[in-house]
file my_file_9.cif (mmCIF, C-alpha atoms and all ligand atoms)
data_coords
loop_
_atom_site.label_atom_id
_atom_site.label_comp_id
_atom_site.auth_asym_id
_atom_site.auth_seq_id
_atom_site.Cartn_x
_atom_site.Cartn_y
_atom_site.Cartn_z
CA MET A 8 15.70 96.61 137.68
CA ILE A 9 19.32 95.46 137.54
CA ARG A 10 21.49 94.13 140.32
CA GLY A 11 25.16 94.97 140.67
CA THR A 12 28.11 95.87 142.89
CA ILE A 13 29.51 99.36 143.45
CA ILE A 14 33.17 99.15 142.46
CA LYS A 15 34.05 102.84 142.67
CA GLY A 16 32.52 106.12 143.78
CA ILE A 17 33.80 109.50 142.66
CA SER A 18 32.18 112.89 143.20
CA GLY A 19 28.59 111.76 143.39
CA PHE A 20 28.86 109.06 140.73
CA TYR A 21 28.87 105.38 141.47
CA TYR A 22 30.31 102.82 139.10
CA VAL A 23 28.19 99.71 139.31
CA LYS A 24 29.41 96.42 137.91
CA THR A 25 26.58 94.34 136.47
CA GLY A 26 27.95 91.19 134.89
CA ALA A 27 30.53 92.28 132.34
CA ASP A 28 29.33 95.90 132.20
CA VAL A 29 30.15 98.84 134.41
CA ARG A 30 27.37 101.42 134.58
CA THR A 31 27.68 104.99 135.77
CA CYS A 32 24.97 105.82 138.27
CA LYS A 33 23.78 108.56 140.55
CA ALA A 34 22.32 107.81 143.95
CA ARG A 35 18.78 108.83 144.71
CA GLY A 36 18.34 111.70 147.15
CA ILE A 37 16.66 109.32 149.57
CA PHE A 38 20.05 107.97 150.68
CA LYS A 39 21.08 111.36 151.97
CA LYS A 40 17.84 111.70 153.87
CA ASP A 41 18.09 108.49 155.85
CA GLY A 42 21.84 108.75 156.25
CA SER A 43 22.73 105.58 154.39
CA ILE A 44 25.29 106.62 151.84
CA PRO A 45 26.28 103.95 149.30
CA LEU A 46 29.71 102.43 149.94
CA VAL A 47 32.13 100.76 147.57
CA GLY A 48 31.37 97.06 147.89
CA ASP A 49 27.63 97.56 148.29
CA GLU A 50 25.29 95.24 146.46
CA VAL A 51 22.66 97.48 144.90
CA THR A 52 19.77 97.54 142.52
CA ILE A 53 19.83 100.15 139.80
CA ARG A 54 17.48 101.49 137.17
CA MET A 55 18.74 102.93 133.90
CA ARG A 56 17.41 106.45 133.45
CA GLU A 57 19.11 107.17 130.19
CA GLU A 58 21.16 105.10 127.84
CA ASP A 59 24.34 105.78 129.77
CA GLU A 60 23.22 106.83 133.22
CA GLY A 61 21.47 104.90 135.94
CA LEU A 62 20.10 105.45 139.41
CA VAL A 63 21.06 103.50 142.48
CA GLU A 64 17.67 102.57 143.90
CA ARG A 65 18.34 100.33 146.83
CA ILE A 66 21.28 99.15 148.93
CA LEU A 67 20.95 95.48 149.80
CA PRO A 68 21.73 94.47 153.41
CA ARG A 69 25.44 94.67 154.24
CA ARG A 70 27.46 91.89 155.80
CA ASN A 71 29.80 94.48 157.29
CA GLU A 72 30.79 98.10 156.81
CA PHE A 73 33.74 100.31 157.65
CA VAL A 74 34.06 104.05 158.12
CA ARG A 75 37.77 104.31 157.31
CA PRO A 76 38.34 103.02 154.75
CA PRO A 77 34.70 103.52 153.62
CA ILE A 78 33.88 100.05 152.28
CA ALA A 79 31.35 97.26 152.73
CA ASN A 80 31.00 93.51 152.37
CA ILE A 81 34.54 92.22 152.75
CA ASP A 82 35.74 88.77 153.85
CA LEU A 83 39.33 89.59 154.63
CA PHE A 84 41.23 92.64 155.77
CA ILE A 85 44.89 92.85 154.77
CA ALA A 86 46.74 95.36 156.92
CA VAL A 87 49.83 96.39 154.99
CA VAL A 88 53.03 97.84 156.39
CA ALA A 89 56.48 98.14 154.84
CA LEU A 90 59.67 96.69 156.25
CA ALA A 91 61.24 100.07 155.50
CA ASN A 92 60.44 103.32 153.69
CA PRO A 93 58.20 103.89 155.59
CA SER A 94 59.11 101.65 158.53
CA PRO A 95 56.21 100.06 160.42
CA ASN A 96 54.13 102.21 162.72
CA PRO A 97 52.69 99.73 165.24
CA GLU A 98 50.02 102.10 166.46
CA ILE A 99 48.52 102.66 163.00
CA LEU A 100 48.72 98.93 162.31
CA ASP A 101 47.01 98.06 165.59
CA ARG A 102 44.21 100.50 164.84
CA PHE A 103 43.57 98.82 161.50
CA LEU A 104 43.54 95.44 163.20
CA VAL A 105 41.07 96.67 165.82
CA THR A 106 38.88 97.99 163.01
CA ALA A 107 38.82 94.50 161.51
CA GLU A 108 38.16 92.82 164.87
CA ALA A 109 35.31 95.20 165.65
CA ALA A 110 33.68 94.32 162.33
CA GLY A 111 34.25 90.61 162.89
CA VAL A 112 36.40 90.29 159.77
CA ASN A 113 39.50 88.09 159.55
CA ALA A 114 42.75 90.01 159.29
CA VAL A 115 46.15 89.31 157.79
CA VAL A 116 49.30 91.30 158.49
CA CYS A 117 51.25 91.89 155.32
CA VAL A 118 54.82 93.18 155.51
CA ASN A 119 55.86 94.51 152.10
CA LYS A 120 59.23 95.62 150.69
CA THR A 121 61.25 92.66 151.95
CA ASP A 122 63.77 93.52 149.21
CA LEU A 123 64.80 96.51 151.34
CA SER A 124 66.97 96.03 154.38
CA GLY A 125 65.12 96.16 157.64
CA GLY A 126 64.62 93.80 160.56
CA ARG A 127 61.83 91.24 160.24
CA ASP A 128 62.15 90.04 163.82
CA TYR A 129 59.90 92.61 165.41
CA MET A 130 56.97 91.99 163.05
CA GLU A 131 57.52 88.23 163.21
CA THR A 132 57.71 88.06 167.01
CA VAL A 133 54.85 90.42 167.77
CA TYR A 134 52.31 89.67 165.04
CA ALA A 135 52.86 86.13 163.74
CA PRO A 136 51.49 84.54 166.96
CA ILE A 137 48.28 86.57 166.66
CA TYR A 138 47.55 86.98 162.92
CA PRO A 139 48.61 85.23 159.73
CA THR A 140 51.68 87.32 158.90
CA VAL A 141 53.15 87.33 155.41
CA PHE A 142 56.39 88.88 154.22
CA VAL A 143 56.26 89.99 150.60
CA SER A 144 57.91 92.15 148.01
CA ALA A 145 55.74 93.72 145.34
CA LYS A 146 58.98 94.48 143.57
CA THR A 147 60.49 90.98 143.36
CA GLY A 148 57.33 88.91 143.87
CA GLU A 149 58.71 87.20 146.98
CA GLY A 150 55.94 85.81 149.19
CA THR A 151 53.10 86.83 146.89
CA GLU A 152 52.07 83.18 146.29
CA ARG A 153 51.20 82.73 149.95
CA LEU A 154 49.29 85.99 149.96
CA ARG A 155 47.41 84.88 146.85
CA SER A 156 46.43 81.60 148.49
CA LEU A 157 44.94 83.48 151.45
CA MET A 158 42.73 85.52 149.10
CA HIS A 159 41.10 82.78 147.02
CA ASN A 160 37.41 83.44 146.32
CA ARG A 161 37.21 86.21 148.89
CA ARG A 162 36.54 89.91 148.90
CA VAL A 163 39.71 91.41 150.21
CA ALA A 164 40.58 94.94 151.35
CA PHE A 165 44.18 96.17 151.35
CA ALA A 166 44.54 98.92 153.90
CA GLY A 167 47.43 100.76 155.49
CA PRO A 168 49.32 104.04 155.42
CA SER A 169 50.20 105.74 152.17
CA GLY A 170 53.43 104.58 150.51
CA VAL A 171 53.62 101.05 151.92
CA GLY A 172 52.97 99.55 148.48
CA LYS A 173 49.28 98.55 148.47
CA THR A 174 48.65 99.52 144.87
CA CYS A 175 51.90 97.90 143.66
CA LEU A 176 50.95 94.68 145.45
CA ILE A 177 47.46 94.66 143.98
CA LYS A 178 48.91 95.01 140.49
CA ARG A 179 50.54 91.63 141.05
CA PHE A 180 47.12 90.01 141.43
CA VAL A 181 44.79 91.92 139.16
CA ALA A 182 43.97 90.23 135.90
CA ASP A 183 43.52 93.38 133.89
CA GLU A 184 46.54 95.32 135.01
CA ALA A 185 45.79 98.00 132.46
CA LEU A 186 42.98 99.08 134.76
CA ILE A 187 45.40 100.41 137.32
CA THR A 188 48.34 101.45 135.19
CA GLY A 189 46.02 103.21 132.74
CA GLU A 190 44.76 105.28 135.60
CA VAL A 191 48.25 106.31 136.63
CA SER A 192 49.13 108.19 133.46
CA GLU A 193 45.61 109.48 132.96
CA ARG A 194 45.05 111.00 136.36
CA THR A 195 48.41 112.29 137.46
CA GLY A 196 50.37 112.31 134.23
CA ARG A 197 53.27 111.03 136.30
CA GLY A 198 54.82 107.69 137.02
CA ARG A 199 53.93 107.87 140.66
CA HIS A 200 50.32 107.54 141.51
CA THR A 201 48.58 108.02 144.81
CA THR A 202 45.29 106.25 145.34
CA ARG A 203 42.63 108.83 146.17
CA HIS A 204 39.52 106.71 146.18
CA VAL A 205 38.48 103.17 146.93
CA GLU A 206 38.21 100.86 143.96
CA ILE A 207 37.51 97.15 143.52
CA PHE A 208 39.49 95.08 141.04
CA ASP A 209 38.79 91.55 139.85
CA THR A 210 41.35 88.78 139.71
CA ASP A 211 41.40 85.52 137.74
CA PHE A 212 41.43 83.45 140.96
CA GLY A 213 38.05 84.49 142.27
CA ALA A 214 39.18 87.25 144.59
CA ALA A 215 37.86 90.79 144.40
CA ILE A 216 40.43 93.25 145.72
CA TYR A 217 39.67 96.64 147.23
CA ASP A 218 42.43 99.22 146.87
CA THR A 219 42.08 102.01 149.42
CA PRO A 220 43.81 105.37 149.96
CA GLY A 221 46.32 105.49 152.78
CA TYR A 222 45.67 107.18 156.06
CA THR A 223 48.77 108.84 157.41
CA ALA A 224 46.95 110.62 160.20
CA PHE A 225 44.88 108.71 162.70
CA GLU A 226 41.64 110.38 161.62
CA GLY A 227 39.63 108.12 163.86
CA ALA A 228 40.70 105.04 161.93
CA THR A 229 38.47 103.25 164.37
CA SER A 230 35.05 104.36 165.43
CA LEU A 231 34.28 102.04 168.26
CA ALA A 232 30.99 101.75 170.03
CA ALA A 233 31.32 103.35 173.44
CA ASP A 234 30.20 100.17 175.19
CA ALA A 235 32.58 97.89 173.31
CA ARG A 236 35.02 95.81 175.33
CA LEU A 237 38.23 97.01 173.76
CA ASP A 238 40.32 94.18 175.17
CA ALA A 239 38.34 91.70 173.08
CA TYR A 240 39.72 93.41 169.95
CA PHE A 241 43.30 92.64 170.96
CA PRO A 242 43.18 88.81 170.83
CA GLU A 243 46.17 88.23 173.13
CA ILE A 244 44.93 90.81 175.65
CA GLY A 245 41.43 89.34 175.57
CA PHE A 246 42.92 85.91 176.19
CA ALA A 247 45.05 87.05 179.15
CA SER A 248 42.13 89.03 180.64
CA GLU A 249 40.36 85.81 181.53
CA GLY A 250 42.76 85.58 184.46
CA CYS A 251 41.98 89.06 185.84
CA ARG A 252 40.46 89.22 189.32
CA PHE A 253 37.70 91.67 188.27
CA ASP A 254 35.35 91.11 185.33
CA ASP A 255 35.39 94.81 184.47
CA CYS A 256 39.18 95.10 184.76
CA ARG A 257 40.54 97.83 182.45
CA HIS A 258 44.05 96.39 182.72
CA MET A 259 45.57 99.68 183.82
CA ASN A 260 46.40 99.55 187.56
CA GLU A 261 43.79 97.19 188.95
CA PRO A 262 44.89 94.63 191.54
CA GLY A 263 45.04 91.04 190.33
CA CYS A 264 45.27 92.08 186.67
CA ALA A 265 46.51 89.18 184.55
CA VAL A 266 47.12 91.43 181.54
CA THR A 267 49.69 93.69 183.21
CA ALA A 268 51.25 90.51 184.66
CA ALA A 269 51.53 89.03 181.15
CA LEU A 270 53.01 92.32 179.97
CA ARG A 271 55.67 92.16 182.72
CA ASP A 272 56.43 88.55 181.76
CA GLY A 273 56.90 89.54 178.11
CA LEU A 274 53.87 87.52 176.93
CA ILE A 275 52.19 90.66 175.64
CA ALA A 276 54.24 93.07 173.49
CA LYS A 277 54.80 96.51 174.96
CA SER A 278 53.72 98.26 171.74
CA ARG A 279 50.47 96.28 171.60
CA TYR A 280 49.68 97.17 175.20
CA GLU A 281 50.47 100.83 174.48
CA SER A 282 48.08 100.79 171.51
CA TYR A 283 45.43 99.26 173.74
CA ALA A 284 45.98 101.86 176.47
CA ARG A 285 45.82 104.76 174.02
CA LEU A 286 42.62 103.49 172.39
CA LEU A 287 41.11 102.85 175.80
CA SER A 288 41.71 106.41 176.97
CA GLU A 289 40.30 107.76 173.68
CA THR A 290 37.21 105.59 173.97
CA GLU A 291 36.69 106.55 177.61
CA ARG A 292 37.14 110.23 176.85
CA ARG A 293 34.59 110.01 174.03
CA THR A 294 32.15 108.15 176.25
CA SER A 295 32.33 110.73 179.01
CA GLU A 296 31.97 113.58 176.51
CA GLU A 297 28.86 111.95 175.12
CA ARG A 298 27.48 111.48 178.59
CA ARG A 299 28.13 115.12 179.44
CA ARG A 300 26.40 116.23 176.24
CA LYS A 301 23.35 114.13 177.07
CA THR A 302 22.96 115.42 180.63
CA LYS A 303 23.19 119.06 179.53
N1 LIG A 401 61.64 98.58 147.21
C1 LIG A 401 60.34 98.40 147.10
N2 LIG A 401 59.54 99.44 146.79
C2 LIG A 401 58.21 99.22 146.69
C3 LIG A 401 57.64 97.93 146.87
N3 LIG A 401 56.30 98.04 146.72
C4 LIG A 401 56.06 99.34 146.45
N4 LIG A 401 57.19 100.06 146.41
C5 LIG A 401 57.31 101.50 146.16
O1 LIG A 401 56.65 102.22 147.19
C6 LIG A 401 56.02 103.39 146.71
C7 LIG A 401 54.55 103.42 147.08
O2 LIG A 401 53.86 102.38 146.42
P1 LIG A 401 52.28 102.36 146.27
O3 LIG A 401 51.89 101.04 145.72
O4 LIG A 401 51.80 103.57 145.55
O5 LIG A 401 51.84 102.50 147.82
P2 LIG A 401 50.38 102.72 148.42
O6 LIG A 401 50.29 104.17 148.76
O7 LIG A 401 50.35 101.88 149.66
O8 LIG A 401 49.38 102.29 147.40
C8 LIG A 401 56.25 103.40 145.18
O9 LIG A 401 57.32 104.26 144.91
C9 LIG A 401 56.62 101.95 144.89
O10 LIG A 401 57.46 101.84 143.77
C10 LIG A 401 58.52 96.83 147.20
O11 LIG A 401 58.14 95.68 147.38
N5 LIG A 401 59.85 97.14 147.28
MG MG A 402 47.77 103.24 146.55
ZN ZN A 403 43.17 93.14 183.88
#
call {"tool": "encode", "arguments": {"input": "my_file_9.cif", "output": "structure tokens"}}
result
Amino acid sequence: MIRGTIIKGISGFYYVKTGADVRTCKARGIFKKDGSIPLVGDEVTIRMREEDEGLVERILPRRNEFVRPPIANIDLFIAVVALANPSPNPEILDRFLVTAEAAGVNAVVCVNKTDLSGGRDYMETVYAPIYPTVFVSAKTGEGTERLRSLMHNRRVAFAGPSGVGKTCLIKRFVADEALITGEVSERTGRGRHTTRHVEIFDTDFGAAIYDTPGYTAFEGATSLAADARLDAYFPEIGFASEGCRFDDCRHMNEPGCAVTAALRDGLIAKSRYESYARLLSETERRTSEERRRKTK
């Protein structure tokens, strides 16, 4: 029995890093039966069946897990947007941040492509008071030192829409850059490469970095428990809600709501409140659908 970490999973095969080796493994059918499908980032035990093929036997308990991106066992979630091309989409960003909050994982907001022209003020004003917010350029290297210092000895996931520069940024930190660039020519035969699967890369400063595909659509980027208090996942809204008259205030039209008051006073950003309101109505709709299905 050998212990290792799943660093990649493609069409039924899992690549398990055990020390310096990477072993190709299949998962046992049992995983499909009990619904626990191995995720990239899982600590597993494997058994070699043949010289070059092993079996994933057991998934060790997870510290955390995500549906989108499908990963496990991270310490830090880096939500990446670009200053321009594509310009930031606050709603997608807020959904990623809620995903991190719901899993109890620290988040960083990373604004890439600072070499392009585009206003920093919005990102700075809205996000810097709530999350560590770094401005970087994968192209020039600006700001990457600060980002590196946040990642030391942690397992870090880069997530965000396609095209914001996640893979380019990761190349700045990965020790064996050939790992990524090699894949570019091999898989697409072109200079431009789009990440299609999750993969973990090692660095020489103790961080393990998860590259993930982008999600342009919303695709349920968050799958929240129906009973979750959504306001707790927006730190500034959760903070303001302590002043609401009613404990179960939804912060929509309730009397004595401190959140809508803070919104009027400009203490809560309009786009953040809109993200909250949209997620709230989605969550409530899902909850009532589930209830209807159960009573049928
Ligand atoms: N100008 C500029 N372009 C960048 C920067 N980082 C990435 N890009 C470009 O953005 C595109 C998408 O990059 P990629 O890393 O594949 O994005 P991903 O989909 O988030 O992994 C590529 O054409 C990159 O060359 C940057 O800092 N500045
Ligand atoms: Mg990519
Ligand atoms: Zn309220």
call {"tool": "atom_distance", "arguments": {"input": "my_file_9.cif", "atom1": "CA of Pro77 in chain A", "atom2": "CA of Glu291 in chain A"}}
result
24.3 Å
call {"tool": "residues_near_ligand", "arguments": {"input": "my_file_9.cif", "ligand": "ligand LIG 401 (chain A)", "cutoff": "7 Å", "atoms": "all atoms listed in the file", "output": "PyMOL selection string"}}
result
chain A and resi 119-123+143-147+167-176+199-202+220-221
call {"tool": "write_last_selection", "arguments": {"input": "my_file_9.cif", "atoms": "C-alpha atoms", "output": "JSON list (two decimals), keeping the file's coordinate frame"}}
result
[["chain", "number", "residue", "atom", "x", "y", "z"],
["A", 119, "ASN", "CA", 55.86, 94.51, 152.10],
["A", 120, "LYS", "CA", 59.23, 95.62, 150.69],
["A", 121, "THR", "CA", 61.25, 92.66, 151.95],
["A", 122, "ASP", "CA", 63.77, 93.52, 149.21],
["A", 123, "LEU", "CA", 64.80, 96.51, 151.34],
["A", 143, "VAL", "CA", 56.26, 89.99, 150.60],
["A", 144, "SER", "CA", 57.91, 92.15, 148.01],
["A", 145, "ALA", "CA", 55.74, 93.72, 145.34],
["A", 146, "LYS", "CA", 58.98, 94.48, 143.57],
["A", 147, "THR", "CA", 60.49, 90.98, 143.36],
["A", 167, "GLY", "CA", 47.43, 100.76, 155.49],
["A", 168, "PRO", "CA", 49.32, 104.04, 155.42],
["A", 169, "SER", "CA", 50.20, 105.74, 152.17],
["A", 170, "GLY", "CA", 53.43, 104.58, 150.51],
["A", 171, "VAL", "CA", 53.62, 101.05, 151.92],
["A", 172, "GLY", "CA", 52.97, 99.55, 148.48],
["A", 173, "LYS", "CA", 49.28, 98.55, 148.47],
["A", 174, "THR", "CA", 48.65, 99.52, 144.87],
["A", 175, "CYS", "CA", 51.90, 97.90, 143.66],
["A", 176, "LEU", "CA", 50.95, 94.68, 145.45],
["A", 199, "ARG", "CA", 53.93, 107.87, 140.66],
["A", 200, "HIS", "CA", 50.32, 107.54, 141.51],
["A", 201, "THR", "CA", 48.58, 108.02, 144.81],
["A", 202, "THR", "CA", 45.29, 106.25, 145.34],
["A", 220, "PRO", "CA", 43.81, 105.37, 149.96],
["A", 221, "GLY", "CA", 46.32, 105.49, 152.78]]
call {"tool": "residues_near_ligand", "arguments": {"input": "my_file_9.cif", "ligand": "ligand ZN 403 (chain A)", "cutoff": "9 Å", "atoms": "only C-alpha atoms and all ligand atoms", "output": "list in words"}}
result
Ile244, Ala247, Ser248, Glu249, Gly250, Cys251, Arg252, Phe253, Asp254, Asp255, Cys256, Arg257, His258, Met259, Asn260, Glu261, Pro262, Gly263, Cys264, Ala265, Val266, Thr267 and Ala268 of chain A
call {"tool": "closest_residue", "arguments": {"input": "my_file_9.cif", "among": "A:Arg30, A:Arg54, A:Lys178, A:Arg102", "to": "ligand MG 402 (chain A)", "atoms": "all atoms listed in the file"}}
result
A:Lys178
call {"tool": "atom_distance", "arguments": {"input": "my_file_9.cif", "atom1": "CA of Phe212 in chain A", "atom2": "CA of Arg10 in chain A"}}
result
22.6 Å
call {"tool": "closest_residue", "arguments": {"input": "my_file_9.cif", "among": "A:Arg161, A:Arg179, A:Ser124, A:Met55", "to": "Glu149 in chain A", "atoms": "all atoms listed in the file"}}
result
A:Arg179
call {"tool": "residues_around", "arguments": {"input": "my_file_9.cif", "residues": "Glu50 in chain A", "least_positions_apart": "3", "cutoff": "7 Å", "atoms": "only C-alpha atoms", "output": "ChimeraX atom specification"}}
result
/A:11-13,66-67
call {"tool": "build_atoms", "arguments": {"input": "my_file_9.cif", "residues": "range 152-163 of chain A", "atoms": "N, CA and C atoms", "output": "mmCIF file, in the frame of the given file"}}
result
data_model
loop_
_atom_site.group_PDB
_atom_site.id
_atom_site.type_symbol
_atom_site.label_atom_id
_atom_site.label_comp_id
_atom_site.auth_asym_id
_atom_site.auth_seq_id
_atom_site.Cartn_x
_atom_site.Cartn_y
_atom_site.Cartn_z
ATOM 1 N N GLU A 152 52.869 84.411 146.455
ATOM 2 C CA GLU A 152 52.070 83.180 146.290
ATOM 3 C C GLU A 152 51.265 82.872 147.546
ATOM 4 N N ARG A 153 51.911 83.022 148.699
ATOM 5 C CA ARG A 153 51.200 82.730 149.950
ATOM 6 C C ARG A 153 50.061 83.724 150.152
ATOM 7 N N LEU A 154 50.335 84.972 149.821
ATOM 8 C CA LEU A 154 49.290 85.990 149.960
ATOM 9 C C LEU A 154 48.119 85.654 149.032
ATOM 10 N N ARG A 155 48.449 85.245 147.803
ATOM 11 C CA ARG A 155 47.410 84.880 146.850
ATOM 12 C C ARG A 155 46.546 83.738 147.397
ATOM 13 N N SER A 156 47.192 82.751 148.011
ATOM 14 C CA SER A 156 46.430 81.600 148.490
ATOM 15 C C SER A 156 45.487 81.984 149.621
ATOM 16 N N LEU A 157 45.829 83.028 150.378
ATOM 17 C CA LEU A 157 44.940 83.480 151.450
ATOM 18 C C LEU A 157 43.706 84.215 150.903
ATOM 19 N N MET A 158 43.789 84.660 149.639
ATOM 20 C CA MET A 158 42.730 85.520 149.100
ATOM 21 C C MET A 158 41.700 84.799 148.240
ATOM 22 N N HIS A 159 41.964 83.525 147.934
ATOM 23 C CA HIS A 159 41.100 82.780 147.020
ATOM 24 C C HIS A 159 39.605 82.952 147.283
ATOM 25 N N ASN A 160 38.870 83.342 146.254
ATOM 26 C CA ASN A 160 37.410 83.440 146.320
ATOM 27 C C ASN A 160 36.899 84.316 147.463
ATOM 28 N N ARG A 161 37.665 85.334 147.816
ATOM 29 C CA ARG A 161 37.210 86.210 148.890
ATOM 30 C C ARG A 161 37.230 87.651 148.422
ATOM 31 N N ARG A 162 36.515 88.470 149.168
ATOM 32 C CA ARG A 162 36.540 89.910 148.900
ATOM 33 C C ARG A 162 37.492 90.512 149.915
ATOM 34 N N VAL A 163 38.567 91.084 149.387
ATOM 35 C CA VAL A 163 39.710 91.410 150.210
ATOM 36 C C VAL A 163 40.020 92.910 150.160
#
